[in-house]
Amino acid sequence: MTLALVIPNYNHHIAIEKTLTDLAQYQLPCYLVDDGSDDQTRYVLQALADKFSWVTLIQHPYNRGKGAAVMSGLRQAYRDGFSHALQVDADGQHNLADIPLMIATSEQHPTALISGQPQYDESVPKGRLYGRYITHFWVWVETLSFDIQDSMCGFRVYPLAATEQLFSQQALGERMDFDIEVMVKLHWQGTPVVHVPTKVIYPEDGISHFQGVKDNVRISWMHTKLFFGMLTRLPRIITKPHLAPNNPATQDSNQPNQQHQSTQTTTKHWSAMSERGSFWGIKFLAQCYRLGGHWLCRAVMYPVICYFFLTGKTARDASLGFLHRVQQQQPNHPQLNRPVGWRDSLRHFFAFGNAALDRIDAWCDRINLAQVDFNDRHILADQVATGRGAVLIVSHLGNMELCRAISIHQQKVKVNVMVLTQHAENFNKVLQQLNPQSSLNLIHVNELDPSTAMLLQQKIDQGEIVVIAADRTSSSSQGRVTYLPFLGQEAAFPQGPFILASLLDCPVYTLFCIRQHGRYQVHVEHLSDTLKGPRAGRTARLTDAMTQYSQRLAHFAQLAPMQWFNFFDFWRKDELVTRNNQPSQSSAAPLPSQDR
């Protein structure tokens, strides 16, 4: 790998000398492009090129735009035999201390475009910050992916062969639209994009060449062209093999309703899938919620859900497979068409988005008790009154968040939720910002081990509630599952939640919350006074509890099929699934995953 620096410059005569001085330590050849600057800047740049022997000055006779300057530098570097070029702005915005990390990342991914992912401080103009969200959204639409988390950062390492191929085949915008367009079109061309977090500041004496009206019109026109370019590519995108990250949870493109295959065929475990949701994307959704409530959130969210539906082939297959199973159990199900088709699956996806809004409503205390049918409330109230805690076995069906929120807001009961992955961390951060009074007592664990049991025993002894979802196997549960009949075929249910409940030696309840006819219905049922008992009957005792749970889950899943949000092959043999306890961080989407 041979790398050079490319620095576009237009009338930046104040910060450029310091920038070059800071860059000298890296001993990299540099192409400094003067994009038709005024006489003062031109003289400064010529003097700096004479001072630093490693700097080559390229001059445009007149101002052509930042994009044109970057292209001139990149193409000259390619002609001179460099394999990669690191673009740095001249105004001191970029954290040059991150250059070694950018280079190391490029060495690990030599065919990828390496882009900084800005981490802003208070110096960032709010207008620019919020304006970026609009561009992020359109880039996600244009690429039908969240691979590009930020398309406006000018701190990048370009793979020059792929970049030159693009330049030789297509004309790109030469001004402020360049950074966005080149990234999208390189993605279309098949160039991977890897992001590196980097601090970005806006100097007080910084000079901005962004022309408000002209550049916004220029960028809007560019997005229009990219959008229609995406439409022409849509058939190829939908039909090509696609591994979609998790949200809803996805796996390899195996049909969820096909029978178990040989041990040669494997797929990723759901917990190894990355969240399709960035913090900023979800925060943008939260801002829409603040400003316009559900109607504005849906206006923003529904196009994104359509993206999920179009690109998430595995999630579509899993959704259709599950809905087919429900219809096989109830041929005249009132919520499903005959036969089940893509419209039913799309409604399933929309229901997932609506459930996210329900979660926000619950934590912002915008759902009052008059909207909730909670006839079994006395069961938990009586248990809390004893001063001893209990275990609630829940699922990814309906709106379990509503019950947590009601308990905290109305009864001041402390609820602790076991979370087996970090998938929902971004969403929970935003919930806390929406309502700082909400107590999100999440306990992140990789597996249910003795140390976890000791921690939770303290919670139970203090009269607190422990909530565990039992409809997903953990990433470390291979060999610790029980296969039980579920909607016509055996499915793997994790033993861990029930083993943990037995160790805690406390009452165990199941809890389901679904929405029907515009109202929330909460169902709490007593499962056992304790699952602890003689070792001799332990397996039978736990299996009996798991069977009761799976039967109730099947009942409510059939009652409200659009509200069960396990978008992966729930019936696949657990031992055929490959696991990865450290899922890679993927790109952004303004939808949270439901991981607990």
# chains A, B, ... in the order shown; residues from 1 in each chain; ligands from 1

call {"tool": "select_by_dssp", "arguments": {"residues": "range 30-244 of chain A", "states": "strand (DSSP E or B)", "output": "PyMOL selection string"}}
result
chain A and resi 30-35+55-60+84-87+94+113-120+156-159+193-200

call {"tool": "write_last_selection", "arguments": {"atoms": "N, CA and C atoms", "output": "short mmCIF file (atom, residue, chain, number, x, y, z; two decimals), in the first residue's frame"}}
result
data_model
loop_
_atom_site.label_atom_id
_atom_site.label_comp_id
_atom_site.auth_asym_id
_atom_site.auth_seq_id
_atom_site.Cartn_x
_atom_site.Cartn_y
_atom_site.Cartn_z
N CYS A 30 2.44 14.82 -0.43
CA CYS A 30 1.19 15.58 -0.33
C CYS A 30 0.93 16.34 -1.62
N TYR A 31 -0.30 16.27 -2.10
CA TYR A 31 -0.75 17.07 -3.24
C TYR A 31 -1.64 18.17 -2.70
N LEU A 32 -1.13 19.38 -2.73
CA LEU A 32 -1.85 20.55 -2.25
C LEU A 32 -2.45 21.24 -3.47
N VAL A 33 -3.77 21.28 -3.53
CA VAL A 33 -4.46 21.78 -4.72
C VAL A 33 -5.00 23.18 -4.46
N ASP A 34 -4.45 24.15 -5.16
CA ASP A 34 -4.92 25.54 -5.08
C ASP A 34 -6.06 25.71 -6.08
N ASP A 35 -7.27 25.85 -5.57
CA ASP A 35 -8.45 25.90 -6.44
C ASP A 35 -8.79 27.34 -6.81
N VAL A 55 5.71 18.41 -0.49
CA VAL A 55 4.45 18.99 -0.97
C VAL A 55 4.56 19.31 -2.45
N THR A 56 3.60 18.81 -3.22
CA THR A 56 3.48 19.14 -4.64
C THR A 56 2.27 20.04 -4.82
N LEU A 57 2.49 21.22 -5.39
CA LEU A 57 1.41 22.19 -5.56
C LEU A 57 0.78 22.03 -6.94
N ILE A 58 -0.56 21.83 -6.94
CA ILE A 58 -1.35 21.78 -8.17
C ILE A 58 -2.22 23.03 -8.18
N GLN A 59 -2.24 23.75 -9.29
CA GLN A 59 -2.97 25.02 -9.33
C GLN A 59 -4.06 25.00 -10.40
N HIS A 60 -5.26 25.40 -10.00
CA HIS A 60 -6.34 25.65 -10.94
C HIS A 60 -6.32 27.13 -11.32
N HIS A 84 -3.40 4.59 -2.74
CA HIS A 84 -4.41 5.21 -1.88
C HIS A 84 -4.08 6.68 -1.66
N ALA A 85 -5.13 7.46 -1.36
CA ALA A 85 -4.93 8.87 -1.06
C ALA A 85 -5.80 9.25 0.12
N LEU A 86 -5.20 9.98 1.05
CA LEU A 86 -5.90 10.45 2.24
C LEU A 86 -6.28 11.91 2.05
N GLN A 87 -7.56 12.18 1.98
CA GLN A 87 -8.06 13.55 1.82
C GLN A 87 -8.17 14.22 3.18
N HIS A 94 -10.21 18.72 10.93
CA HIS A 94 -10.00 17.30 11.16
C HIS A 94 -8.94 17.06 12.23
N LEU A 113 -13.33 2.24 0.89
CA LEU A 113 -13.25 3.67 1.14
C LEU A 113 -13.33 3.86 2.65
N ILE A 114 -12.31 4.43 3.25
CA ILE A 114 -12.28 4.66 4.69
C ILE A 114 -12.71 6.10 4.94
N SER A 115 -13.76 6.28 5.72
CA SER A 115 -14.30 7.62 5.95
C SER A 115 -14.38 7.92 7.44
N GLY A 116 -14.03 9.14 7.79
CA GLY A 116 -14.23 9.58 9.16
C GLY A 116 -15.72 9.66 9.47
N GLN A 117 -16.07 9.31 10.69
CA GLN A 117 -17.44 9.46 11.17
C GLN A 117 -17.41 10.53 12.26
N PRO A 118 -17.87 11.74 11.96
CA PRO A 118 -17.64 12.88 12.86
C PRO A 118 -18.23 12.70 14.25
N GLN A 119 -17.44 13.06 15.24
CA GLN A 119 -17.89 13.19 16.62
C GLN A 119 -17.74 14.67 16.96
N TYR A 120 -18.85 15.39 16.99
CA TYR A 120 -18.79 16.84 17.09
C TYR A 120 -18.72 17.32 18.54
N ARG A 156 -10.93 11.25 4.50
CA ARG A 156 -11.15 9.95 3.88
C ARG A 156 -9.87 9.38 3.30
N VAL A 157 -9.84 8.05 3.21
CA VAL A 157 -8.80 7.36 2.44
C VAL A 157 -9.48 6.71 1.24
N TYR A 158 -9.10 7.16 0.04
CA TYR A 158 -9.69 6.62 -1.19
C TYR A 158 -8.82 5.50 -1.75
N PRO A 159 -9.43 4.37 -2.14
CA PRO A 159 -8.71 3.38 -2.95
C PRO A 159 -8.66 3.91 -4.38
N VAL A 193 -17.46 0.44 2.32
CA VAL A 193 -17.27 1.67 3.09
C VAL A 193 -17.05 1.30 4.55
N VAL A 194 -15.96 1.79 5.12
CA VAL A 194 -15.65 1.55 6.52
C VAL A 194 -15.50 2.89 7.21
N HIS A 195 -16.16 3.04 8.36
CA HIS A 195 -16.14 4.31 9.08
C HIS A 195 -15.22 4.24 10.30
N VAL A 196 -14.55 5.35 10.55
CA VAL A 196 -13.68 5.49 11.71
C VAL A 196 -14.12 6.72 12.49
N PRO A 197 -14.56 6.58 13.74
CA PRO A 197 -14.96 7.75 14.53
C PRO A 197 -13.81 8.74 14.66
N THR A 198 -14.09 10.01 14.46
CA THR A 198 -13.06 11.03 14.55
C THR A 198 -13.67 12.33 15.04
N LYS A 199 -12.94 13.04 15.86
CA LYS A 199 -13.42 14.32 16.39
C LYS A 199 -13.30 15.39 15.32
N VAL A 200 -14.35 16.19 15.16
CA VAL A 200 -14.37 17.28 14.19
C VAL A 200 -14.74 18.56 14.92
#

call {"tool": "closest_residue", "arguments": {"among": "A:Ala299, A:Ala469, A:Cys288, A:Leu531", "to": "Pro494 in chain A", "atoms": "only C-alpha atoms"}}
result
A:Ala469

call {"tool": "residues_around", "arguments": {"residues": "Arg515 in chain A", "least_positions_apart": "6", "cutoff": "9 Å", "atoms": "only C-alpha atoms", "output": "list in words"}}
result
Gly398, Asn399, Gln521, Val522, Ala560 and Gln563 of chain A

call {"tool": "atom_distance", "arguments": {"atom1": "CA of Ala470 in chain A", "atom2": "CA of Ser395 in chain A"}}
result
5.9 Å

call {"tool": "atom_distance", "arguments": {"atom1": "CA of Asp177 in chain A", "atom2": "CA of Trp221 in chain A"}}
result
9.4 Å

call {"tool": "closest_residue", "arguments": {"among": "A:Tyr78, A:Trp564, A:Phe227, A:Phe155", "to": "Leu101 in chain A", "atoms": "only C-alpha atoms"}}
result
A:Phe155

call {"tool": "closest_residue", "arguments": {"among": "A:Ala362, A:Ile465, A:Leu3, A:Leu144", "to": "Asp80 in chain A", "atoms": "only C-alpha atoms"}}
result
A:Leu3
